[in-house]
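Okay, my_file_13.cif is below, mmCIF, C-alpha atoms and all ligand atoms; chains and numbers go by the auth columns:
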data_target
loop_
_atom_site.group_PDB
_atom_site.id
_atom_site.type_symbol
_atom_site.label_atom_id
_atom_site.label_comp_id
_atom_site.label_asym_id
_atom_site.label_seq_id
_atom_site.Cartn_x
_atom_site.Cartn_y
_atom_site.Cartn_z
_atom_site.B_iso_or_equiv
_atom_site.auth_seq_id
_atom_site.auth_asym_id
ATOM 1 C CA MET A 1 0.000 0.000 0.000 0.00 1 N
ATOM 2 C CA ASN A 2 1.992 2.974 -1.275 0.00 2 N
ATOM 3 C CA ASN A 3 -0.895 5.411 -1.465 0.00 3 N
ATOM 4 C CA LYS A 4 -0.696 8.098 1.162 0.00 4 N
ATOM 5 C CA ILE A 5 -3.911 9.872 0.222 0.00 5 N
ATOM 6 C CA ILE A 6 -7.359 8.692 1.217 0.00 6 N
ATOM 7 C CA VAL A 7 -10.034 10.702 -0.576 0.00 7 N
ATOM 8 C CA ALA A 8 -13.173 11.147 1.554 0.00 8 N
ATOM 9 C CA LEU A 9 -16.081 10.575 -0.830 0.00 9 N
ATOM 10 C CA ASP A 10 -18.537 12.790 1.040 0.00 10 N
ATOM 11 C CA TYR A 11 -21.058 13.335 -1.753 0.00 11 N
ATOM 12 C CA GLU A 12 -24.829 13.367 -1.764 0.00 12 N
ATOM 13 C CA LYS A 13 -25.215 11.317 -4.919 0.00 13 N
ATOM 14 C CA GLU A 14 -23.450 8.257 -6.286 0.00 14 N
ATOM 15 C CA ALA A 15 -23.068 9.886 -9.708 0.00 15 N
ATOM 16 C CA GLN A 16 -21.069 12.763 -8.185 0.00 16 N
ATOM 17 C CA ALA A 17 -18.711 10.346 -6.482 0.00 17 N
ATOM 18 C CA LEU A 18 -18.270 8.179 -9.573 0.00 18 N
ATOM 19 C CA ALA A 19 -17.591 11.247 -11.722 0.00 19 N
ATOM 20 C CA LEU A 20 -14.430 11.711 -9.641 0.00 20 N
ATOM 21 C CA VAL A 21 -13.607 8.030 -9.180 0.00 21 N
ATOM 22 C CA ASP A 22 -13.803 7.342 -12.911 0.00 22 N
ATOM 23 C CA GLN A 23 -11.235 10.056 -13.621 0.00 23 N
ATOM 24 C CA ILE A 24 -8.568 8.664 -11.331 0.00 24 N
ATOM 25 C CA ASP A 25 -6.399 5.606 -11.078 0.00 25 N
ATOM 26 C CA PRO A 26 -6.316 3.373 -7.961 0.00 26 N
ATOM 27 C CA SER A 27 -2.561 3.984 -7.793 0.00 27 N
ATOM 28 C CA LEU A 28 -3.296 7.632 -6.901 0.00 28 N
ATOM 29 C CA CYS A 29 -5.339 7.162 -3.719 0.00 29 N
ATOM 30 C CA CYS A 30 -7.578 5.018 -1.561 0.00 30 N
ATOM 31 C CA LEU A 31 -11.216 5.954 -1.059 0.00 31 N
ATOM 32 C CA LYS A 32 -13.117 6.573 2.154 0.00 32 N
ATOM 33 C CA VAL A 33 -16.842 5.874 2.377 0.00 33 N
ATOM 34 C CA GLY A 34 -18.427 7.516 5.380 0.00 34 N
ATOM 35 C CA LYS A 35 -21.786 7.885 7.023 0.00 35 N
ATOM 36 C CA GLU A 36 -23.460 9.956 4.313 0.00 36 N
ATOM 37 C CA MET A 37 -22.799 7.734 1.303 0.00 37 N
ATOM 38 C CA PHE A 38 -23.031 4.445 3.192 0.00 38 N
ATOM 39 C CA THR A 39 -26.412 5.397 4.654 0.00 39 N
ATOM 40 C CA THR A 40 -27.662 6.327 1.191 0.00 40 N
ATOM 41 C CA LEU A 41 -26.089 3.602 -0.923 0.00 41 N
ATOM 42 C CA GLY A 42 -25.101 0.772 1.414 0.00 42 N
ATOM 43 C CA THR A 43 -22.811 -2.117 0.622 0.00 43 N
ATOM 44 C CA GLU A 44 -23.447 -2.017 -3.144 0.00 44 N
ATOM 45 C CA PHE A 45 -21.428 1.175 -3.327 0.00 45 N
ATOM 46 C CA ILE A 46 -18.465 -0.470 -1.608 0.00 46 N
ATOM 47 C CA LYS A 47 -18.654 -3.351 -4.096 0.00 47 N
ATOM 48 C CA CYS A 48 -18.766 -0.865 -6.952 0.00 48 N
ATOM 49 C CA LEU A 49 -15.516 0.765 -5.731 0.00 49 N
ATOM 50 C CA HIS A 50 -13.900 -2.656 -5.237 0.00 50 N
ATOM 51 C CA GLN A 51 -14.801 -3.563 -8.833 0.00 51 N
ATOM 52 C CA ARG A 52 -12.816 -0.500 -9.874 0.00 52 N
ATOM 53 C CA GLN A 53 -9.837 -1.879 -7.887 0.00 53 N
ATOM 54 C CA PHE A 54 -9.800 0.776 -5.143 0.00 54 N
ATOM 55 C CA ASP A 55 -8.926 0.025 -1.528 0.00 55 N
ATOM 56 C CA VAL A 56 -11.772 1.247 0.663 0.00 56 N
ATOM 57 C CA PHE A 57 -11.721 2.708 4.170 0.00 57 N
ATOM 58 C CA LEU A 58 -15.180 2.139 5.661 0.00 58 N
ATOM 59 C CA ASP A 59 -15.463 5.073 8.055 0.00 59 N
ATOM 60 C CA LEU A 60 -18.535 4.439 10.184 0.00 60 N
ATOM 61 C CA LYS A 61 -16.782 5.179 13.503 0.00 61 N
ATOM 62 C CA PHE A 62 -18.507 2.412 15.451 0.00 62 N
ATOM 63 C CA HIS A 63 -19.242 3.241 19.106 0.00 63 N
ATOM 64 C CA ASP A 64 -21.496 0.846 21.041 0.00 64 N
ATOM 65 C CA ILE A 65 -21.340 -2.051 23.470 0.00 65 N
ATOM 66 C CA PRO A 66 -18.494 -4.513 22.720 0.00 66 N
ATOM 67 C CA ASN A 67 -20.677 -7.257 21.205 0.00 67 N
ATOM 68 C CA THR A 68 -22.422 -4.872 18.799 0.00 68 N
ATOM 69 C CA VAL A 69 -19.223 -3.188 17.643 0.00 69 N
ATOM 70 C CA ALA A 70 -17.359 -6.467 17.189 0.00 70 N
ATOM 71 C CA ARG A 71 -20.153 -7.870 15.010 0.00 71 N
ATOM 72 C CA ALA A 72 -20.229 -4.692 12.899 0.00 72 N
ATOM 73 C CA VAL A 73 -16.455 -4.935 12.438 0.00 73 N
ATOM 74 C CA ARG A 74 -16.881 -8.560 11.306 0.00 74 N
ATOM 75 C CA SER A 75 -19.444 -7.409 8.731 0.00 75 N
ATOM 76 C CA ALA A 76 -16.912 -4.877 7.460 0.00 76 N
ATOM 77 C CA ALA A 77 -14.303 -7.646 7.169 0.00 77 N
ATOM 78 C CA ASP A 78 -16.782 -9.768 5.196 0.00 78 N
ATOM 79 C CA LEU A 79 -17.217 -6.853 2.810 0.00 79 N
ATOM 80 C CA GLY A 80 -13.484 -6.963 2.137 0.00 80 N
ATOM 81 C CA VAL A 81 -12.708 -3.374 3.093 0.00 81 N
ATOM 82 C CA TRP A 82 -9.078 -2.383 3.608 0.00 82 N
ATOM 83 C CA MET A 83 -9.633 -0.261 6.736 0.00 83 N
ATOM 84 C CA VAL A 84 -12.433 0.205 9.265 0.00 84 N
ATOM 85 C CA ASP A 85 -12.680 2.413 12.333 0.00 85 N
ATOM 86 C CA LEU A 86 -14.337 2.710 15.734 0.00 86 N
ATOM 87 C CA HIS A 87 -14.294 5.345 18.471 0.00 87 N
ATOM 88 C CA ALA A 88 -11.465 4.614 20.924 0.00 88 N
ATOM 89 C CA SER A 89 -13.567 6.329 23.602 0.00 89 N
ATOM 90 C CA GLY A 90 -15.831 3.269 23.425 0.00 90 N
ATOM 91 C CA GLY A 91 -13.258 1.717 25.760 0.00 91 N
ATOM 92 C CA LEU A 92 -10.743 -1.095 26.063 0.00 92 N
ATOM 93 C CA ALA A 93 -13.212 -3.993 26.208 0.00 93 N
ATOM 94 C CA MET A 94 -14.994 -2.769 23.085 0.00 94 N
ATOM 95 C CA MET A 95 -11.746 -2.435 21.154 0.00 95 N
ATOM 96 C CA GLU A 96 -10.380 -5.804 22.358 0.00 96 N
ATOM 97 C CA GLN A 97 -13.533 -7.638 21.318 0.00 97 N
ATOM 98 C CA ALA A 98 -13.471 -5.964 17.902 0.00 98 N
ATOM 99 C CA LYS A 99 -9.846 -7.011 17.400 0.00 99 N
ATOM 100 C CA GLN A 100 -10.574 -10.536 18.606 0.00 100 N
ATOM 101 C CA ILE A 101 -13.381 -11.120 16.107 0.00 101 N
ATOM 102 C CA LEU A 102 -10.967 -10.403 13.241 0.00 102 N
ATOM 103 C CA GLN A 103 -8.583 -13.200 14.210 0.00 103 N
ATOM 104 C CA PRO A 104 -9.976 -15.814 11.777 0.00 104 N
ATOM 105 C CA TYR A 105 -9.356 -13.420 8.867 0.00 105 N
ATOM 106 C CA GLY A 106 -5.576 -13.511 9.380 0.00 106 N
ATOM 107 C CA LYS A 107 -3.720 -11.271 6.984 0.00 107 N
ATOM 108 C CA ASP A 108 -6.961 -10.580 5.080 0.00 108 N
ATOM 109 C CA ALA A 109 -8.388 -8.703 8.075 0.00 109 N
ATOM 110 C CA PRO A 110 -8.976 -4.997 7.522 0.00 110 N
ATOM 111 C CA LEU A 111 -6.784 -2.527 9.378 0.00 111 N
ATOM 112 C CA LEU A 112 -8.677 -1.700 12.572 0.00 112 N
ATOM 113 C CA ILE A 113 -8.238 1.929 13.572 0.00 113 N
ATOM 114 C CA GLY A 114 -9.366 3.860 16.672 0.00 114 N
ATOM 115 C CA VAL A 115 -10.627 7.428 16.334 0.00 115 N
ATOM 116 C CA THR A 116 -9.136 9.541 19.131 0.00 116 N
ATOM 117 C CA VAL A 117 -10.302 13.184 19.293 0.00 117 N
ATOM 118 C CA LEU A 118 -12.162 14.462 16.240 0.00 118 N
ATOM 119 C CA THR A 119 -10.165 17.024 14.260 0.00 119 N
ATOM 120 C CA SER A 120 -13.051 19.494 14.553 0.00 120 N
ATOM 121 C CA MET A 121 -12.594 19.669 18.352 0.00 121 N
ATOM 122 C CA GLU A 122 -10.577 22.034 20.544 0.00 122 N
ATOM 123 C CA ASP A 123 -10.092 22.434 24.309 0.00 123 N
ATOM 124 C CA LEU A 124 -13.519 23.973 24.939 0.00 124 N
ATOM 125 C CA ASP A 125 -15.339 21.225 23.013 0.00 125 N
ATOM 126 C CA LEU A 126 -13.666 18.631 25.236 0.00 126 N
ATOM 127 C CA LEU A 127 -14.474 20.560 28.389 0.00 127 N
ATOM 128 C CA GLN A 128 -18.150 20.719 27.342 0.00 128 N
ATOM 129 C CA ILE A 129 -18.304 16.923 27.276 0.00 129 N
ATOM 130 C CA GLY A 130 -16.577 16.616 30.639 0.00 130 N
ATOM 131 C CA ILE A 131 -13.012 16.037 29.465 0.00 131 N
ATOM 132 C CA ASN A 132 -10.664 18.332 31.323 0.00 132 N
ATOM 133 C CA ALA A 133 -7.639 17.702 29.113 0.00 133 N
ATOM 134 C CA SER A 134 -6.165 19.276 26.001 0.00 134 N
ATOM 135 C CA PRO A 135 -6.774 17.494 22.667 0.00 135 N
ATOM 136 C CA MET A 136 -3.091 16.479 22.726 0.00 136 N
ATOM 137 C CA GLU A 137 -3.366 14.863 26.178 0.00 137 N
ATOM 138 C CA GLN A 138 -6.590 13.094 25.292 0.00 138 N
ATOM 139 C CA VAL A 139 -5.234 11.854 21.942 0.00 139 N
ATOM 140 C CA ILE A 140 -2.153 10.406 23.665 0.00 140 N
ATOM 141 C CA ARG A 141 -4.314 8.704 26.304 0.00 141 N
ATOM 142 C CA LEU A 142 -6.639 7.148 23.705 0.00 142 N
ATOM 143 C CA ALA A 143 -3.764 6.149 21.419 0.00 143 N
ATOM 144 C CA HIS A 144 -2.148 4.222 24.294 0.00 144 N
ATOM 145 C CA LEU A 145 -5.463 2.503 25.021 0.00 145 N
ATOM 146 C CA THR A 146 -5.913 1.655 21.333 0.00 146 N
ATOM 147 C CA GLN A 147 -2.437 0.187 21.158 0.00 147 N
ATOM 148 C CA ARG A 148 -3.037 -1.807 24.335 0.00 148 N
ATOM 149 C CA ALA A 149 -6.150 -3.318 22.713 0.00 149 N
ATOM 150 C CA GLY A 150 -3.973 -4.486 19.815 0.00 150 N
ATOM 151 C CA LEU A 151 -5.474 -2.282 17.100 0.00 151 N
ATOM 152 C CA ASP A 152 -3.432 -1.231 14.073 0.00 152 N
ATOM 153 C CA GLY A 153 -3.449 2.515 14.610 0.00 153 N
ATOM 154 C CA VAL A 154 -5.438 5.661 15.259 0.00 154 N
ATOM 155 C CA VAL A 155 -7.116 8.568 13.560 0.00 155 N
ATOM 156 C CA CYS A 156 -5.691 11.794 15.001 0.00 156 N
ATOM 157 C CA SER A 157 -4.984 15.296 13.749 0.00 157 N
ATOM 158 C CA PRO A 158 -1.670 15.966 11.997 0.00 158 N
ATOM 159 C CA GLN A 159 -0.741 18.185 14.941 0.00 159 N
ATOM 160 C CA GLU A 160 -0.414 15.131 17.213 0.00 160 N
ATOM 161 C CA VAL A 161 1.489 12.923 14.760 0.00 161 N
ATOM 162 C CA GLU A 162 5.039 13.734 15.758 0.00 162 N
ATOM 163 C CA ILE A 163 4.436 13.080 19.453 0.00 163 N
ATOM 164 C CA LEU A 164 2.364 9.941 18.828 0.00 164 N
ATOM 165 C CA ARG A 165 5.086 8.521 16.606 0.00 165 N
ATOM 166 C CA ASN A 166 7.466 8.733 19.583 0.00 166 N
ATOM 167 C CA HIS A 167 4.913 7.235 21.957 0.00 167 N
ATOM 168 C CA CYS A 168 3.569 4.438 19.762 0.00 168 N
ATOM 169 C CA GLY A 169 6.468 3.425 17.510 0.00 169 N
ATOM 170 C CA LYS A 170 6.961 3.300 13.758 0.00 170 N
ATOM 171 C CA ASP A 171 4.504 0.486 12.939 0.00 171 N
ATOM 172 C CA PHE A 172 1.441 2.064 14.542 0.00 172 N
ATOM 173 C CA LYS A 173 -0.631 3.586 11.716 0.00 173 N
ATOM 174 C CA LEU A 174 -1.373 7.292 12.045 0.00 174 N
ATOM 175 C CA VAL A 175 -4.299 8.369 9.872 0.00 175 N
ATOM 176 C CA THR A 176 -4.868 12.104 9.712 0.00 176 N
ATOM 177 C CA PRO A 177 -7.860 14.104 8.539 0.00 177 N
ATOM 178 C CA GLY A 178 -7.719 17.868 9.163 0.00 178 N
ATOM 179 C CA ILE A 179 -5.663 18.299 6.000 0.00 179 N
ATOM 180 C CA ARG A 180 -5.818 21.656 4.293 0.00 180 N
ATOM 181 C CA PRO A 181 -3.583 22.698 1.373 0.00 181 N
ATOM 182 C CA VAL A 182 -2.397 26.333 1.648 0.00 182 N
ATOM 183 C CA GLY A 183 -5.270 28.740 0.972 0.00 183 N
ATOM 184 C CA SER A 184 -8.108 26.225 1.242 0.00 184 N
ATOM 185 C CA ASP A 185 -11.120 26.788 3.454 0.00 185 N
ATOM 186 C CA LEU A 186 -10.944 25.306 6.976 0.00 186 N
ATOM 187 C CA GLY A 187 -14.679 24.587 7.117 0.00 187 N
ATOM 188 C CA ASP A 188 -15.381 22.827 10.422 0.00 188 N
ATOM 189 C CA GLN A 189 -11.826 21.522 10.813 0.00 189 N
ATOM 190 C CA ARG A 190 -9.772 23.000 13.668 0.00 190 N
ATOM 191 C CA ARG A 191 -6.540 21.022 14.204 0.00 191 N
ATOM 192 C CA VAL A 192 -5.095 21.198 10.682 0.00 192 N
ATOM 193 C CA MET A 193 -1.900 21.034 8.606 0.00 193 N
ATOM 194 C CA THR A 194 -0.946 21.103 4.924 0.00 194 N
ATOM 195 C CA PRO A 195 -0.364 17.763 3.117 0.00 195 N
ATOM 196 C CA PRO A 196 3.460 18.028 2.955 0.00 196 N
ATOM 197 C CA ALA A 197 3.676 19.160 6.605 0.00 197 N
ATOM 198 C CA ALA A 198 1.531 16.216 7.758 0.00 198 N
ATOM 199 C CA ILE A 199 3.692 13.739 5.839 0.00 199 N
ATOM 200 C CA GLN A 200 6.875 15.322 7.178 0.00 200 N
ATOM 201 C CA ALA A 201 5.489 15.054 10.709 0.00 201 N
ATOM 202 C CA GLY A 202 5.171 11.296 10.119 0.00 202 N
ATOM 203 C CA ALA A 203 1.563 10.617 9.089 0.00 203 N
ATOM 204 C CA ASP A 204 0.975 7.330 7.252 0.00 204 N
ATOM 205 C CA TYR A 205 -2.233 8.384 5.529 0.00 205 N
ATOM 206 C CA LEU A 206 -3.904 11.738 4.861 0.00 206 N
ATOM 207 C CA VAL A 207 -7.706 11.801 4.711 0.00 207 N
ATOM 208 C CA ILE A 208 -8.770 14.629 2.410 0.00 208 N
ATOM 209 C CA GLY A 209 -12.339 15.520 1.504 0.00 209 N
ATOM 210 C CA ARG A 210 -13.578 18.962 0.504 0.00 210 N
ATOM 211 C CA PRO A 211 -10.279 20.418 -0.749 0.00 211 N
ATOM 212 C CA ILE A 212 -10.518 17.710 -3.440 0.00 212 N
ATOM 213 C CA THR A 213 -14.223 16.896 -3.749 0.00 213 N
ATOM 214 C CA GLN A 214 -15.407 20.519 -3.893 0.00 214 N
ATOM 215 C CA ALA A 215 -12.693 21.632 -6.324 0.00 215 N
ATOM 216 C CA ASP A 216 -13.558 22.586 -9.914 0.00 216 N
ATOM 217 C CA ASN A 217 -11.204 19.844 -11.075 0.00 217 N
ATOM 218 C CA PRO A 218 -10.903 17.253 -8.280 0.00 218 N
ATOM 219 C CA ALA A 219 -8.629 14.879 -10.222 0.00 219 N
ATOM 220 C CA GLN A 220 -6.187 17.700 -10.913 0.00 220 N
ATOM 221 C CA VAL A 221 -6.102 18.769 -7.243 0.00 221 N
ATOM 222 C CA LEU A 222 -5.476 15.161 -6.202 0.00 222 N
ATOM 223 C CA ARG A 223 -2.571 14.895 -8.635 0.00 223 N
ATOM 224 C CA ALA A 224 -1.138 18.211 -7.370 0.00 224 N
ATOM 225 C CA ILE A 225 -1.310 17.031 -3.743 0.00 225 N
ATOM 226 C CA ASN A 226 0.375 13.737 -4.639 0.00 226 N
ATOM 227 C CA GLN A 227 3.057 15.705 -6.460 0.00 227 N
ATOM 228 C CA SER A 228 3.651 17.989 -3.441 0.00 228 N
ATOM 229 C CA ILE A 229 4.232 14.881 -1.322 0.00 229 N
ATOM 230 C CA ALA A 230 6.402 13.098 -3.885 0.00 230 N
ATOM 231 C CA GLU A 231 8.721 16.125 -3.963 0.00 231 N
ATOM 232 C CA LEU A 232 9.550 15.748 -0.265 0.00 232 N
ATOM 233 C CA LYS A 233 12.956 14.354 0.565 0.00 233 N
HETATM 234 O O1 LIG B . -12.467 9.304 10.818 0.00 301 N
HETATM 235 C C1 LIG B . -12.363 10.238 10.000 0.00 301 N
HETATM 236 O O2 LIG B . -12.112 10.004 8.828 0.00 301 N
HETATM 237 C C2 LIG B . -12.403 11.607 10.519 0.00 301 N
HETATM 238 C C3 LIG B . -11.991 11.792 11.823 0.00 301 N
HETATM 239 C C4 LIG B . -11.768 13.091 12.305 0.00 301 N
HETATM 240 O O3 LIG B . -11.333 13.289 13.456 0.00 301 N
HETATM 241 N N1 LIG B . -12.006 14.133 11.486 0.00 301 N
HETATM 242 C C5 LIG B . -12.484 13.984 10.205 0.00 301 N
HETATM 243 O O4 LIG B . -12.643 14.993 9.509 0.00 301 N
HETATM 244 N N2 LIG B . -12.737 12.724 9.728 0.00 301 N
HETATM 245 C C6 LIG B . -13.302 12.538 8.376 0.00 301 N
HETATM 246 O O5 LIG B . -12.365 13.023 7.411 0.00 301 N
HETATM 247 C C7 LIG B . -13.031 13.704 6.357 0.00 301 N
HETATM 248 C C8 LIG B . -12.468 15.092 6.277 0.00 301 N
HETATM 249 O O6 LIG B . -13.102 15.791 5.259 0.00 301 N
HETATM 250 P P1 LIG B . -12.695 17.275 4.860 0.00 301 N
HETATM 251 O O7 LIG B . -12.775 18.125 6.096 0.00 301 N
HETATM 252 O O8 LIG B . -13.733 17.640 3.848 0.00 301 N
HETATM 253 O O9 LIG B . -11.291 17.205 4.307 0.00 301 N
HETATM 254 C C9 LIG B . -14.523 13.639 6.649 0.00 301 N
HETATM 255 O O10 LIG B . -15.069 12.569 5.885 0.00 301 N
HETATM 256 C C10 LIG B . -14.617 13.301 8.119 0.00 301 N
HETATM 257 O O11 LIG B . -15.730 12.483 8.412 0.00 301 N
#
Target format C-alpha cells, applied to this file:
Amino acid sequence: MNNKIIVALDYEKEAQALALVDQIDPSLCCLKVGKEMFTTLGTEFIKCLHQRQFDVFLDLKFHDIPNTVARAVRSAADLGVWMVDLHASGGLAMMEQAKQILQPYGKDAPLLIGVTVLTSMEDLDLLQIGINASPMEQVIRLAHLTQRAGLDGVVCSPQEVEILRNHCGKDFKLVTPGIRPVGSDLGDQRRVMTPPAAIQAGADYLVIGRPITQADNPAQVLRAINQSIAELK
C-alpha cells in the first residue's frame, strides 16, 4: 500500500462520487466511504468501488457495546474493506472484542483503527463533554489505550502525529484528517496542517475531503497534492 492519500467521498449522490472516481487511477489514492454515502447507498457502493480496484476505508466510527461493535467490524471484514474504524472512547473492552473477532481473517483482516479526538474539536469542546484535558493529552491517552487493545493505529490530527510517533512506535498507523492545502477553506476543521507538513510530521495516511471533492477539477487537485508529497525528501 503505497498510497498516502485517502479521498473522503462525502457526496450526496453516487453519480457525483463516480464522476471523480472514474477520472482517477487506484494507484493515486484510496477511497473513504463515510456515514453519508453508506447510509444512502449501502454495501453495493463499496462493491462498486472494489470492482474499480480501489482500496476502501469504511469510516462508520462504530461506538457501542463490545458485542455490537465487534459484530459490525466482522461485517466490514466480510465486505473486504481495507480499513475500518471505531471510536477509541468506546473503551478497552470494546476495542479488544473488535480485534478478537478479526482473528480468523488472518492477513486478510482490515486494518482496525481507533478514532481519538475528532479534528473538529478544541479544548472547549472537550471541556463541554466533561473532558478536562487538552486534545493532545486526550489523543495520547486514547492512542495508548488503542495500542493496548492491539489495534493497528489511530485517527488523530496531523498536529499530534510527531508526538504519537514517539509514543507508539513506527509500525502504529497514524491516519490524519484535518488536511488543508495552503489557501483552502478550513470549514469545520480545527486542528489542521498542509499535506506536505503532515507527511513530514510522520503521518501514514492523509484523509482529504472537501479540498478535493469541492474543487472545480478534483482529479487535478489530487494529482497536485500527490506531487507535493512526492517532492519531499
Ligand atoms: O475518521 C475520519 O475520517 C475523521 C476523523 C476526524 O477526526 N475528522 C475527520 O474529519 N474525519 C473525516 O475526514 C473527512 C475530512 O473531510 P474534509 O474536512 O472535507 O477534508 C470527513 O469525511 C470526516 O468524516
Protein and nucleic acid residues within 8 Å of ligand LIG 301 (chain N) (only C-alpha atoms and all ligand atoms) as number ranges by chain: N: 8-10, 32-35, 59-61, 85, 115-120, 155-157, 176-180, 186-189, 207-213
For CA of Gln147 in chain N and CA of Leu28 in chain N, quote the distance in Å rounded to one decimal.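 According to the coordinates, CA of Gln147 in chain N and CA of Leu28 in chain N are separated by 29.0 Å.
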What do you get, as a list in words, if you spell out every residue that the PyMOL selection byres (((chain N and resi 17-20) around 10) and not hetatm) selects here? Ala8, Leu9, Asp10, Tyr11, Glu12, Lys13, Glu14, Ala15, Gln16, Val21, Asp22, Gln23, Ile24, Met37, Phe45, Cys48, Leu49, Ile212, Thr213, Asn217, Pro218 and Ala219 of chain N
Let me make sure I understand: among N:Ile131, N:Asp125, N:Gly202, N:Leu111, which one has the smallest atom-to-atom distance to Ile163 in chain N if we use all atoms listed in the file?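 Among the listed residues, N:Gly202 lies closest to Ile163 in chain N.
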Looking at N:Ala109, N:Ile5, N:Ala72, N:Met193, which one is nearest to Ile229 in chain N, with distances taken over all atoms listed in the file? N:Ile5
Applying 12 Å and all atoms listed in the file, which residues near Arg165 in chain N remain after dropping the ones on its own chain fewer than 3 positions away? List them as JSON, numbers by chain. {"N": [140, 143, 144, 153, 154, 156, 158, 159, 160, 161, 162, 168, 169, 170, 171, 172, 173, 174, 175, 200, 201, 202, 203, 204]}
Atomic distance CA of Trp82 in chain N - CA of Thr194 in chain N, expressed in Å with one decimal: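 According to the coordinates, CA of Trp82 in chain N and CA of Thr194 in chain N are separated by 24.9 Å.
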Resolved residues for the PyMOL selection byres (((chain N and resi 100-103) around 12) and not hetatm) as a ChimeraX atom specification: /N:66-78,80,84,93-99,104-112,149-152
Listed atoms of range 62-70 of chain N, axis-aligned box, 8 Å per side: centre and edge lengths to one decimal in Å, as AutoDock Vina command-line options?
--center_x -19.9 --center_y -2.0 --center_z 19.5 --size_x 21.1 --size_y 26.5 --size_z 24.0
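Nearest residue to Val221 in chain N, choosing from N:Thr43, N:Val56, N:Ser184, N:Gln138 and counting all atoms listed in the file: N:Ser184.
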For CA of Lys47 in chain N and CA of Phe62 in chain N, the interatomic separation in Å (one decimal): 20.4 Å
Using the chain letters and numbering of this document, enumerate as a CSV table (one decimal) with C-alpha atoms, keeping the file's coordinate frame the residues selected by the PyMOL selection byres (((chain N and resi 122) around 8) and not hetatm).
chain,number,residue,atom,x,y,z
N,120,SER,CA,-13.1,19.5,14.6
N,121,MET,CA,-12.6,19.7,18.4
N,123,ASP,CA,-10.1,22.4,24.3
N,124,LEU,CA,-13.5,24.0,24.9
N,125,ASP,CA,-15.3,21.2,23.0
N,126,LEU,CA,-13.7,18.6,25.2
N,134,SER,CA,-6.2,19.3,26.0
N,135,PRO,CA,-6.8,17.5,22.7
N,190,ARG,CA,-9.8,23.0,13.7
N,191,ARG,CA,-6.5,21.0,14.2
Which one of N:Gly183, N:Gln220, N:Gln51, N:Leu232 sits closest to Ala197 in chain N if you count all atoms listed in the file?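 Residue with the minimum atom-to-atom distance to Ala197 in chain N: N:Leu232.
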Mind completing range 210-221 of chain N with N, CA and C atoms? Output as a PDB file, keeping the file's coordinate frame, please?
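And here is the file that came out, selection01.pdb:
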ATOM      1  N   ARG N 210     -13.147  17.776   1.262  1.00  0.00           N
ATOM      2  CA  ARG N 210     -13.578  18.962   0.504  1.00  0.00           C
ATOM      3  C   ARG N 210     -12.514  19.659  -0.335  1.00  0.00           C
ATOM      4  N   PRO N 211     -11.250  19.754   0.124  1.00  0.00           N
ATOM      5  CA  PRO N 211     -10.279  20.418  -0.749  1.00  0.00           C
ATOM      6  C   PRO N 211     -10.180  19.725  -2.111  1.00  0.00           C
ATOM      7  N   ILE N 212     -10.507  18.430  -2.161  1.00  0.00           N
ATOM      8  CA  ILE N 212     -10.518  17.710  -3.440  1.00  0.00           C
ATOM      9  C   ILE N 212     -11.940  17.657  -4.008  1.00  0.00           C
ATOM     10  N   THR N 213     -12.892  17.190  -3.191  1.00  0.00           N
ATOM     11  CA  THR N 213     -14.223  16.896  -3.749  1.00  0.00           C
ATOM     12  C   THR N 213     -14.988  18.152  -4.174  1.00  0.00           C
ATOM     13  N   GLN N 214     -14.700  19.285  -3.531  1.00  0.00           N
ATOM     14  CA  GLN N 214     -15.407  20.519  -3.893  1.00  0.00           C
ATOM     15  C   GLN N 214     -14.630  21.353  -4.910  1.00  0.00           C
ATOM     16  N   ALA N 215     -13.499  20.866  -5.360  1.00  0.00           N
ATOM     17  CA  ALA N 215     -12.693  21.632  -6.324  1.00  0.00           C
ATOM     18  C   ALA N 215     -13.336  21.590  -7.707  1.00  0.00           C
ATOM     19  N   ASP N 216     -13.018  22.588  -8.545  1.00  0.00           N
ATOM     20  CA  ASP N 216     -13.558  22.586  -9.914  1.00  0.00           C
ATOM     21  C   ASP N 216     -13.041  21.371 -10.675  1.00  0.00           C
ATOM     22  N   ASN N 217     -11.782  21.011 -10.410  1.00  0.00           N
ATOM     23  CA  ASN N 217     -11.204  19.844 -11.075  1.00  0.00           C
ATOM     24  C   ASN N 217     -10.567  18.925 -10.017  1.00  0.00           C
ATOM     25  N   PRO N 218     -11.394  18.079  -9.385  1.00  0.00           N
ATOM     26  CA  PRO N 218     -10.903  17.253  -8.280  1.00  0.00           C
ATOM     27  C   PRO N 218      -9.705  16.376  -8.639  1.00  0.00           C
ATOM     28  N   ALA N 219      -9.726  15.785  -9.833  1.00  0.00           N
ATOM     29  CA  ALA N 219      -8.629  14.879 -10.222  1.00  0.00           C
ATOM     30  C   ALA N 219      -7.317  15.653 -10.297  1.00  0.00           C
ATOM     31  N   GLN N 220      -7.403  16.881 -10.805  1.00  0.00           N
ATOM     32  CA  GLN N 220      -6.187  17.700 -10.913  1.00  0.00           C
ATOM     33  C   GLN N 220      -5.645  18.080  -9.530  1.00  0.00           C
ATOM     34  N   VAL N 221      -6.536  18.423  -8.608  1.00  0.00           N
ATOM     35  CA  VAL N 221      -6.102  18.769  -7.243  1.00  0.00           C
ATOM     36  C   VAL N 221      -5.459  17.551  -6.582  1.00  0.00           C
TER      37      VAL N 221
END
